[in-house]
Amino acid sequence: MNTAAQSINQSADVFTVAGHGFHARLLIGTGKYKDLDETRRAVEASGAEIVTVAVRRTNIGQNKNEPNLLEVLPPSKYTILPNTAGCYTAEDAVRTCRLARELLDGRTLVKLEVLGDQKTLYPNVTETLQAAATLVKDGFEVMVYTTDDPLIAKRLEELGCAAVMPLGAPLGSGLGIRNPYNILTIVENARVPILVDAGVGTASDATIAMELGCDGVLMNSAIAHAKNPVLMASAMKKAIESGREAFLAGRMPKKRFASASSPIEGLFF
């Protein structure tokens, strides 16, 4: 079997969120770039199909006299995932999602995040649970940012969230996945897609997330704050694909002591 045949069939390897199938397992944010052109080039290099947009910080039509992100990242080409970045209460988050639904012609797929404070940017779990319940009842398909607590992740799934997105480390920290066993536990107990959101700093962090069995990774700062964002976006695309293949291949078991690559029995001399 040749190498091409041994690798996974990318066109068939789809993950599904709320009935929508996607091939690209890298989701990319659209903030923090120097201009819209760099945003466009980074997104293209990433191969992302889903791009997330902070509705409270980015113009997607609410300000008619300012550059519109949707002019460089059209909804006809990308799935626009509005998020509630900058919201600190369930009420604000719900209001923001409803505004996004109006601006995006009734689209209901959203990323929910409700933050606890401005220093840590950790999720406020109580407000997140409240907002998730309200949005699901209101017909939204909710991809929810949360802590890496397996019990909270399961509760959000039970509330009807379409995907659960635990942090790998604090937002924008670049620390990588600090609690891999928590992420693994969440993945093992989930019936909805699990995507690492927050904390990725470089390509190896993204690969680790995928090797743990996550369905995808969402990132922004790791790409936008790189010295060369477009090149980093390309690196992240490859890292996601590599980690996915490694997960599907199944890694060798870890051993405490050495094991010879070639058997020592039956030597000729």
# chains A, B, ... in the order shown; residues from 1 in each chain; ligands from 1
call {"tool": "residues_around", "arguments": {"residues": "Asp37 of chain A", "least_positions_apart": "5", "cutoff": "10 Å", "atoms": "only C-alpha atoms", "output": "list of chain:residue names"}}
result
A:Ala42, A:Val43, A:Leu69, A:Val72
call {"tool": "write_last_selection", "arguments": {"atoms": "N, CA and C atoms", "output": "mmCIF file, in the first residue's frame"}}
result
data_model
loop_
_atom_site.group_PDB
_atom_site.id
_atom_site.type_symbol
_atom_site.label_atom_id
_atom_site.label_comp_id
_atom_site.auth_asym_id
_atom_site.auth_seq_id
_atom_site.Cartn_x
_atom_site.Cartn_y
_atom_site.Cartn_z
ATOM 1 N N ALA A 42 -4.337 34.972 6.661
ATOM 2 C CA ALA A 42 -4.144 33.976 7.712
ATOM 3 C C ALA A 42 -5.246 32.917 7.668
ATOM 4 N N VAL A 43 -6.478 33.359 7.489
ATOM 5 C CA VAL A 43 -7.587 32.414 7.416
ATOM 6 C C VAL A 43 -7.414 31.482 6.219
ATOM 7 N N LEU A 69 -15.943 43.045 8.130
ATOM 8 C CA LEU A 69 -15.176 41.802 8.059
ATOM 9 C C LEU A 69 -15.740 40.847 7.014
ATOM 10 N N VAL A 72 -14.279 40.533 3.417
ATOM 11 C CA VAL A 72 -13.071 39.746 3.118
ATOM 12 C C VAL A 72 -13.248 38.273 3.495
#
call {"tool": "select_by_dssp", "arguments": {"residues": "segment 35-233 of chain A", "states": "strand (DSSP E)", "output": "ChimeraX atom specification"}}
result
/A:50-54,79-83,109-112,141-146,163-166,195-197,216-219
call {"tool": "closest_residue", "arguments": {"among": "A:Ala198, A:Met232, A:Met219, A:Leu248", "to": "Ile177 of chain A", "atoms": "only C-alpha atoms"}}
result
A:Ala198
call {"tool": "closest_residue", "arguments": {"among": "A:Glu113, A:Asp205, A:Asp13, A:Glu211", "to": "Thr147 of chain A", "atoms": "only C-alpha atoms"}}
result
A:Glu113
call {"tool": "closest_residue", "arguments": {"among": "A:Val55, A:Arg178, A:Glu49, A:Thr126", "to": "Val14 of chain A", "atoms": "only C-alpha atoms"}}
result
A:Glu49
call {"tool": "atom_distance", "arguments": {"atom1": "atom CA of Leu218 of chain A", "atom2": "atom CA of Ala235 of chain A"}}
result
14.2 Å
call {"tool": "residues_around", "arguments": {"residues": "segment 108-111 of chain A", "least_positions_apart": "3", "cutoff": "7 Å", "atoms": "only C-alpha atoms", "output": "PDB file with N, CA and C atoms, in the first residue's frame"}}
result
ATOM      1  N   LEU A  81     -18.977  32.161  12.803  1.00  0.00           N
ATOM      2  CA  LEU A  81     -19.379  31.744  14.143  1.00  0.00           C
ATOM      3  C   LEU A  81     -19.291  32.949  15.079  1.00  0.00           C
ATOM      4  N   PRO A  82     -20.391  33.659  15.281  1.00  0.00           N
ATOM      5  CA  PRO A  82     -20.354  34.800  16.193  1.00  0.00           C
ATOM      6  C   PRO A  82     -20.097  34.343  17.617  1.00  0.00           C
ATOM      7  N   ASN A  83     -19.281  35.096  18.343  1.00  0.00           N
ATOM      8  CA  ASN A  83     -19.024  34.736  19.735  1.00  0.00           C
ATOM      9  C   ASN A  83     -19.342  35.903  20.655  1.00  0.00           C
ATOM     10  N   THR A  84     -19.433  35.585  21.932  1.00  0.00           N
ATOM     11  CA  THR A  84     -19.855  36.581  22.916  1.00  0.00           C
ATOM     12  C   THR A  84     -18.672  37.096  23.728  1.00  0.00           C
ATOM     13  N   CYS A  97     -25.906  37.233  21.244  1.00  0.00           N
ATOM     14  CA  CYS A  97     -26.244  36.161  20.298  1.00  0.00           C
ATOM     15  C   CYS A  97     -27.480  36.510  19.479  1.00  0.00           C
ATOM     16  N   ARG A 101     -27.733  36.936  15.407  1.00  0.00           N
ATOM     17  CA  ARG A 101     -28.720  36.221  14.585  1.00  0.00           C
ATOM     18  C   ARG A 101     -29.406  37.175  13.620  1.00  0.00           C
ATOM     19  N   PHE A 140     -30.954  28.323  19.533  1.00  0.00           N
ATOM     20  CA  PHE A 140     -29.569  28.453  19.106  1.00  0.00           C
ATOM     21  C   PHE A 140     -28.843  27.110  19.174  1.00  0.00           C
ATOM     22  N   GLU A 141     -27.856  26.971  18.298  1.00  0.00           N
ATOM     23  CA  GLU A 141     -26.945  25.822  18.339  1.00  0.00           C
ATOM     24  C   GLU A 141     -25.677  26.333  18.992  1.00  0.00           C
ATOM     25  N   VAL A 142     -25.434  25.914  20.210  1.00  0.00           N
ATOM     26  CA  VAL A 142     -24.444  26.562  21.072  1.00  0.00           C
ATOM     27  C   VAL A 142     -23.162  25.744  21.164  1.00  0.00           C
ATOM     28  N   MET A 143     -22.062  26.362  20.742  1.00  0.00           N
ATOM     29  CA  MET A 143     -20.729  25.833  20.997  1.00  0.00           C
ATOM     30  C   MET A 143     -20.197  26.625  22.181  1.00  0.00           C
ATOM     31  N   VAL A 144     -19.924  25.958  23.294  1.00  0.00           N
ATOM     32  CA  VAL A 144     -19.736  26.670  24.549  1.00  0.00           C
ATOM     33  C   VAL A 144     -18.319  26.541  25.085  1.00  0.00           C
TER      34      VAL A 144
END
call {"tool": "residues_around", "arguments": {"residues": "Ser46 of chain A", "least_positions_apart": "5", "cutoff": "7 Å", "atoms": "only C-alpha atoms", "output": "MDAnalysis selection string"}}
result
chainID A and resid 233:234 236:237
call {"tool": "residues_around", "arguments": {"residues": "Pro229 of chain A", "least_positions_apart": "4", "cutoff": "9 Å", "atoms": "only C-alpha atoms", "output": "PyMOL selection string"}}
result
chain A and resi 33+38-39+41-42+222-225+233-234
call {"tool": "closest_residue", "arguments": {"among": "A:Leu151, A:Ala258, A:Leu36, A:Ala133", "to": "Glu71 of chain A", "atoms": "only C-alpha atoms"}}
result
A:Leu36
call {"tool": "closest_residue", "arguments": {"among": "A:Pro150, A:Gly47, A:Pro166, A:Gly160", "to": "Ala239 of chain A", "atoms": "only C-alpha atoms"}}
result
A:Gly47
call {"tool": "closest_residue", "arguments": {"among": "A:Gly213, A:Pro67, A:Pro75, A:Pro170", "to": "Leu184 of chain A", "atoms": "only C-alpha atoms"}}
result
A:Gly213
call {"tool": "select_by_dssp", "arguments": {"residues": "segment 51-250 of chain A", "states": "alpha helix (DSSP H)", "output": "VMD selection string"}}
result
chain A and resid 90 to 103 125 to 137 150 to 159 180 to 188 203 to 211 221 to 224 229 to 249
call {"tool": "atom_distance", "arguments": {"atom1": "atom CA of Asp105 of chain A", "atom2": "atom CA of Ala162 of chain A"}}
result
20.1 Å
